[in-house]
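In what follows, a single structure is set out as structure tokens and then discussed.
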Number of protein chains: 2
Amino acid sequence: MSEPVLAVDPLSSLPGYALRRAANAMMAELGARLAPLDLRISDASVLLLIAGRDDMTSSEIGKVLDIQRANMVPLLGRLDAAGLIRRVPIDRKSQAIVLTGAGERRLAEVRAITGRFEEDLMARIPAPHRPHFVPALQALVG
Amino acid sequence: MSEPVLAVDPLSSLPGYALRRAANAMMAELGARLAPLDLRISDASVLLLIAGRDDMTSSEIGKVLDIQRANMVPLLGRLDAAGLIRRVPIDRKSQAIVLTGAGERRLAEVRAITGRFEEDLMARIPAPHRPHFVPALQALVG
DNA sequence: ATACGATTGCTATAGTCAATAGCTTTCCTG
DNA sequence: CAGGAAAGCTATTGACTATAGCAATCGTAT
């Protein structure tokens, strides 16, 4: 009668496990919200990153977002095929990835969705913990 | 002269993005530490979960760990093939997944590694943020 | 100026992981 | 004891990551 409905996950208090679970849950949520825009999370990240810039190469984007050069190819291929980006030659070796007009418009939709998402995410965290969340995460990547 | 060496990732202050990055980095780290045991993170999670129990079915493990029934099959198949678990019939439909002797011994190694990992993870977070970390993450999964 | 190492963008491939649909057998309940 | 739910499984797909390798170009240090 007083038994828990389901035994509480004994792993959920482990920081590593909690981190994995939370990230999985939130990324599934974000992915679902971006789906109507026909964009994956990585796609949206690229749009957000190159906004207002005309000098970022594929390699540079990959370095910042932790995506390998080889894996940037199909990603940018999708964005290009969707008409959201354009490749502008810098020299005969490098090319800048820049937003097209359609890319700018799609970016505005991305901003609306991700902005809402970030708000909702933070809102789920009890207020006392809230200001510590991003700093703690940032300390882990360094 | 005062320009940053590399433009700081403008996305890193977004909670969702920071969460994703931190989780990726930490899981890559944990995966590397578990590799010598020939276990993946999910494998180790299962061992930790069924420790000291003899009544958990594949479906129950999946519910707790957020792994679908279909995906539990190859996972348990690996653990079985490695001799770490045994399937004990509960009735003609269900079977309990229990640790073998080898499973118990492997689990001890897992505990040593994950314990160390959790310590190192928390140590990277500045002390003031530390007590807020797990509670904040737990609030996100509910 | 030029030779050499590094970088860019790319192909091709393989592995991990999660998600879906569907099947059979067994269990449980009305 | 009939019908729905659950267990365990097969099969397949897609997203994402990782590795190796290649040709062309760039930058630099002689």
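Identifiers for the structure tokens are assigned positionally: chains receive A, B, ... in sequence, residues are indexed from 1 per chain, and ligands are indexed from 1 in the order shown.
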Using only C-alpha atoms (C1' of nucleotides), which residues sit within 8 Å of Leu79 in chain B once same-chain residues fewer than 5 positions away are excluded, as a list in words?
Asp43, Leu84 and Ile85 of chain B
Write to file, as a CSV table (one decimal), in the first residue's frame, the residues of the selection just made, with C-alpha atoms.
```csv
chain,number,residue,atom,x,y,z
B,43,ASP,CA,25.6,-2.5,-20.4
B,84,LEU,CA,27.6,-11.8,-17.1
B,85,ILE,CA,23.9,-12.5,-16.8
```
Proximity check chain B to chain D, 10 Å, nearest pairs one decimal Å, only C-alpha atoms (C1' of nucleotides), as a tab-separated table:
```
residue	atom	partner	partner_atom	distance
B:Thr57	CA	D:DA7	C1'	9.0
B:Ser58	CA	D:DG8	C1'	8.3
B:Ser59	CA	D:DA7	C1'	7.3
B:Arg69	CA	D:DG8	C1'	8.0
B:Ala70	CA	D:DC9	C1'	7.4
B:Met72	CA	D:DG8	C1'	9.7
B:Val73	CA	D:DC9	C1'	7.5
B:Arg92	CA	D:DA7	C1'	9.6
B:Lys93	CA	D:DA7	C1'	5.9
B:Ser94	CA	D:DA7	C1'	6.0
B:Gln95	CA	D:DA7	C1'	8.9
```
With only C-alpha atoms (C1' of nucleotides) counted and 8 Å as the cut-off, give the residues of chain C in contact with chain A, each with its shortest interatomic distance in Å and the pair that gives it, as CSV.
```
residue,atom,partner,partner_atom,distance
C:DT8,C1',A:Lys93,CA,5.9
C:DG9,C1',A:Ser94,CA,7.9
C:DC10,C1',A:Ala70,CA,7.4
```
Any idea which chain A residues end up within 9 Å of chain B if we count only C-alpha atoms, as a ChimeraX atom specification please?
/A:6-27,30,45,48-49,64-66,114,117-118,121-122,124-126,128-141
Restricting the output to N, CA and C atoms, write the selected residues as a compact mmCIF listing (two decimals), in the first residue's frame.
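out_27.txt, freshly written:
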```txt
# COMPACT_ATOMS: atom_id res chain seq x y z
N LEU A 6 6.41 2.52 -8.59
CA LEU A 6 7.49 1.83 -9.26
C LEU A 6 8.75 2.15 -8.47
N ALA A 7 9.55 1.13 -8.21
CA ALA A 7 10.79 1.37 -7.46
C ALA A 7 11.55 2.52 -8.11
N VAL A 8 11.93 3.47 -7.31
CA VAL A 8 12.64 4.64 -7.83
C VAL A 8 13.98 4.19 -8.45
N ASP A 9 14.25 4.74 -9.58
CA ASP A 9 15.49 4.43 -10.26
C ASP A 9 16.68 4.72 -9.35
N PRO A 10 17.38 3.68 -8.94
CA PRO A 10 18.50 3.89 -8.01
C PRO A 10 19.69 4.58 -8.67
N LEU A 11 19.65 4.70 -9.97
CA LEU A 11 20.76 5.34 -10.67
C LEU A 11 20.56 6.83 -10.83
N SER A 12 19.33 7.28 -10.60
CA SER A 12 19.02 8.67 -10.96
C SER A 12 19.74 9.70 -10.10
N SER A 13 20.32 9.25 -9.01
CA SER A 13 21.04 10.23 -8.19
C SER A 13 22.51 10.30 -8.58
N LEU A 14 22.93 9.47 -9.50
CA LEU A 14 24.30 9.55 -9.99
C LEU A 14 24.39 10.68 -11.02
N PRO A 15 25.33 11.58 -10.83
CA PRO A 15 25.40 12.75 -11.71
C PRO A 15 25.54 12.38 -13.18
N GLY A 16 26.38 11.41 -13.48
CA GLY A 16 26.59 11.04 -14.87
C GLY A 16 25.32 10.53 -15.50
N TYR A 17 24.64 9.68 -14.76
CA TYR A 17 23.41 9.10 -15.27
C TYR A 17 22.33 10.16 -15.40
N ALA A 18 22.21 11.00 -14.41
CA ALA A 18 21.21 12.07 -14.45
C ALA A 18 21.47 13.00 -15.64
N LEU A 19 22.73 13.25 -15.89
CA LEU A 19 23.10 14.12 -17.01
C LEU A 19 22.68 13.49 -18.33
N ARG A 20 22.95 12.22 -18.46
CA ARG A 20 22.59 11.52 -19.69
C ARG A 20 21.08 11.52 -19.91
N ARG A 21 20.37 11.18 -18.86
CA ARG A 21 18.91 11.13 -18.97
C ARG A 21 18.31 12.48 -19.32
N ALA A 22 18.77 13.50 -18.62
CA ALA A 22 18.22 14.84 -18.85
C ALA A 22 18.51 15.29 -20.28
N ALA A 23 19.72 15.06 -20.73
CA ALA A 23 20.08 15.49 -22.07
C ALA A 23 19.25 14.75 -23.11
N ASN A 24 19.09 13.44 -22.93
CA ASN A 24 18.28 12.66 -23.87
C ASN A 24 16.86 13.18 -23.92
N ALA A 25 16.29 13.42 -22.75
CA ALA A 25 14.91 13.88 -22.70
C ALA A 25 14.76 15.24 -23.37
N MET A 26 15.66 16.15 -23.06
CA MET A 26 15.55 17.50 -23.61
C MET A 26 15.81 17.54 -25.10
N MET A 27 16.75 16.74 -25.56
CA MET A 27 17.05 16.75 -27.00
C MET A 27 15.92 16.11 -27.80
N LEU A 30 13.43 18.90 -28.01
CA LEU A 30 13.82 19.93 -28.98
C LEU A 30 13.69 19.42 -30.40
N SER A 45 21.55 24.36 -35.23
CA SER A 45 22.76 24.91 -34.60
C SER A 45 23.61 25.65 -35.62
N LEU A 48 22.01 28.99 -36.49
CA LEU A 48 22.22 29.95 -35.41
C LEU A 48 23.66 30.44 -35.38
N LEU A 49 24.57 29.54 -35.69
CA LEU A 49 25.99 29.89 -35.58
C LEU A 49 26.44 30.85 -36.67
N VAL A 64 33.73 24.51 -34.03
CA VAL A 64 32.95 25.12 -32.96
C VAL A 64 31.86 24.17 -32.45
N LEU A 65 31.21 23.48 -33.36
CA LEU A 65 30.08 22.63 -32.96
C LEU A 65 30.48 21.19 -32.67
N ASP A 66 31.77 20.91 -32.75
CA ASP A 66 32.24 19.55 -32.48
C ASP A 66 31.67 18.56 -33.48
N THR A 114 13.56 27.83 -30.52
CA THR A 114 14.60 27.55 -29.52
C THR A 114 14.48 28.49 -28.33
N PHE A 117 11.92 27.09 -26.25
CA PHE A 117 12.43 25.85 -25.66
C PHE A 117 13.34 26.14 -24.46
N GLU A 118 14.23 27.07 -24.62
CA GLU A 118 15.17 27.39 -23.54
C GLU A 118 14.40 27.93 -22.33
N LEU A 121 12.66 25.02 -20.67
CA LEU A 121 13.64 24.18 -19.99
C LEU A 121 14.01 24.78 -18.63
N MET A 122 14.37 26.04 -18.65
CA MET A 122 14.77 26.68 -17.39
C MET A 122 13.60 26.73 -16.41
N ARG A 124 11.46 24.55 -15.86
CA ARG A 124 11.26 23.27 -15.19
C ARG A 124 12.21 23.09 -14.01
N ILE A 125 13.28 23.87 -14.01
CA ILE A 125 14.25 23.77 -12.92
C ILE A 125 13.80 24.67 -11.77
N PRO A 126 13.70 24.13 -10.56
CA PRO A 126 13.31 24.95 -9.41
C PRO A 126 14.22 26.17 -9.29
N PRO A 128 15.77 27.94 -7.13
CA PRO A 128 17.07 28.02 -6.41
C PRO A 128 18.22 27.39 -7.20
N HIS A 129 17.90 26.40 -8.01
CA HIS A 129 18.95 25.72 -8.76
C HIS A 129 19.27 26.43 -10.07
N ARG A 130 18.35 27.22 -10.51
CA ARG A 130 18.40 27.75 -11.87
C ARG A 130 19.70 28.47 -12.22
N PRO A 131 20.13 29.42 -11.40
CA PRO A 131 21.33 30.18 -11.81
C PRO A 131 22.61 29.34 -11.85
N HIS A 132 22.55 28.15 -11.28
CA HIS A 132 23.76 27.32 -11.24
C HIS A 132 23.85 26.37 -12.42
N PHE A 133 22.78 26.29 -13.17
CA PHE A 133 22.68 25.23 -14.18
C PHE A 133 23.69 25.39 -15.32
N VAL A 134 23.59 26.48 -16.03
CA VAL A 134 24.49 26.66 -17.17
C VAL A 134 25.96 26.74 -16.74
N PRO A 135 26.28 27.48 -15.69
CA PRO A 135 27.70 27.50 -15.27
C PRO A 135 28.25 26.11 -14.95
N ALA A 136 27.44 25.29 -14.32
CA ALA A 136 27.91 23.94 -14.00
C ALA A 136 28.17 23.15 -15.28
N LEU A 137 27.25 23.26 -16.23
CA LEU A 137 27.44 22.53 -17.49
C LEU A 137 28.66 23.03 -18.24
N GLN A 138 28.85 24.33 -18.23
CA GLN A 138 30.00 24.89 -18.94
C GLN A 138 31.31 24.41 -18.34
N ALA A 139 31.30 24.20 -17.03
CA ALA A 139 32.52 23.74 -16.37
C ALA A 139 32.89 22.32 -16.81
N LEU A 140 31.91 21.60 -17.29
CA LEU A 140 32.17 20.20 -17.66
C LEU A 140 32.80 20.06 -19.04
N VAL A 141 32.55 21.03 -19.91
CA VAL A 141 33.06 20.88 -21.28
C VAL A 141 34.51 21.33 -21.42
```
Report as a list in words: the residues of chain B with a DSSP assignment of strand (DSSP E or B), based on the backbone of this structure.
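Matching residues, listed in order: Thr57, Ile85, Arg86, Arg87, Val88, Pro89, Gln95, Ala96, Ile97, Val98 and Leu99 of chain B.
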Expected file: the selected residues, N, CA, C and O atoms, as an mmCIF file, in the first residue's frame:
```
data_model
loop_
_atom_site.group_PDB
_atom_site.id
_atom_site.type_symbol
_atom_site.label_atom_id
_atom_site.label_comp_id
_atom_site.auth_asym_id
_atom_site.auth_seq_id
_atom_site.Cartn_x
_atom_site.Cartn_y
_atom_site.Cartn_z
ATOM 1 N N THR B 57 12.646 -8.185 -14.890
ATOM 2 C CA THR B 57 12.539 -8.702 -16.253
ATOM 3 C C THR B 57 13.152 -7.714 -17.230
ATOM 4 O O THR B 57 13.418 -6.559 -16.897
ATOM 5 N N ILE B 85 25.224 -12.354 -17.299
ATOM 6 C CA ILE B 85 23.859 -12.488 -16.792
ATOM 7 C C ILE B 85 23.303 -13.860 -17.168
ATOM 8 O O ILE B 85 23.847 -14.552 -18.031
ATOM 9 N N ARG B 86 22.226 -14.202 -16.507
ATOM 10 C CA ARG B 86 21.545 -15.446 -16.794
ATOM 11 C C ARG B 86 20.057 -15.144 -16.798
ATOM 12 O O ARG B 86 19.584 -14.264 -16.071
ATOM 13 N N ARG B 87 19.304 -15.836 -17.605
ATOM 14 C CA ARG B 87 17.852 -15.648 -17.654
ATOM 15 C C ARG B 87 17.203 -16.750 -16.837
ATOM 16 O O ARG B 87 17.369 -17.932 -17.154
ATOM 17 N N VAL B 88 16.478 -16.348 -15.816
ATOM 18 C CA VAL B 88 15.830 -17.315 -14.943
ATOM 19 C C VAL B 88 14.319 -17.214 -15.135
ATOM 20 O O VAL B 88 13.740 -16.156 -14.890
ATOM 21 N N PRO B 89 13.695 -18.286 -15.573
ATOM 22 C CA PRO B 89 12.256 -18.244 -15.838
ATOM 23 C C PRO B 89 11.458 -17.875 -14.599
ATOM 24 O O PRO B 89 11.699 -18.408 -13.511
ATOM 25 N N GLN B 95 10.976 -13.760 -17.726
ATOM 26 C CA GLN B 95 12.188 -14.301 -17.159
ATOM 27 C C GLN B 95 12.947 -13.191 -16.432
ATOM 28 O O GLN B 95 13.008 -12.058 -16.890
ATOM 29 N N ALA B 96 13.488 -13.554 -15.298
ATOM 30 C CA ALA B 96 14.282 -12.595 -14.539
ATOM 31 C C ALA B 96 15.704 -12.564 -15.085
ATOM 32 O O ALA B 96 16.238 -13.590 -15.496
ATOM 33 N N ILE B 97 16.260 -11.351 -15.125
ATOM 34 C CA ILE B 97 17.652 -11.199 -15.547
ATOM 35 C C ILE B 97 18.497 -11.082 -14.282
ATOM 36 O O ILE B 97 18.340 -10.126 -13.515
ATOM 37 N N VAL B 98 19.365 -12.040 -14.058
ATOM 38 C CA VAL B 98 20.166 -12.028 -12.821
ATOM 39 C C VAL B 98 21.651 -12.121 -13.157
ATOM 40 O O VAL B 98 22.043 -12.691 -14.182
ATOM 41 N N LEU B 99 22.439 -11.555 -12.282
ATOM 42 C CA LEU B 99 23.892 -11.580 -12.469
ATOM 43 C C LEU B 99 24.442 -12.985 -12.226
ATOM 44 O O LEU B 99 24.009 -13.681 -11.301
#
```
Quick one: pull the distance between CA of Val110 in chain B and CA of Gly31 in chain B, Å, one decimal.
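One can read the CA of Val110 in chain B to CA of Gly31 in chain B distance as 11.5 Å.
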Please measure the separation of C1' of DT11 in chain C and CA of Ile67 in chain A, giving the value in Å to one decimal.
17.2 Å
In chain A, what's helix (DSSP H, G or I) per DSSP? Answer as a PyMOL selection string?
chain A and resi 15-37+41-50+58-65+69-81+101-124+130-141
Could you check how far CA of Arg106 in chain B sits from CA of Asp54 in chain B, in Å to one decimal?
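Calculated distance between CA of Arg106 in chain B and CA of Asp54 in chain B is 17.0 Å.
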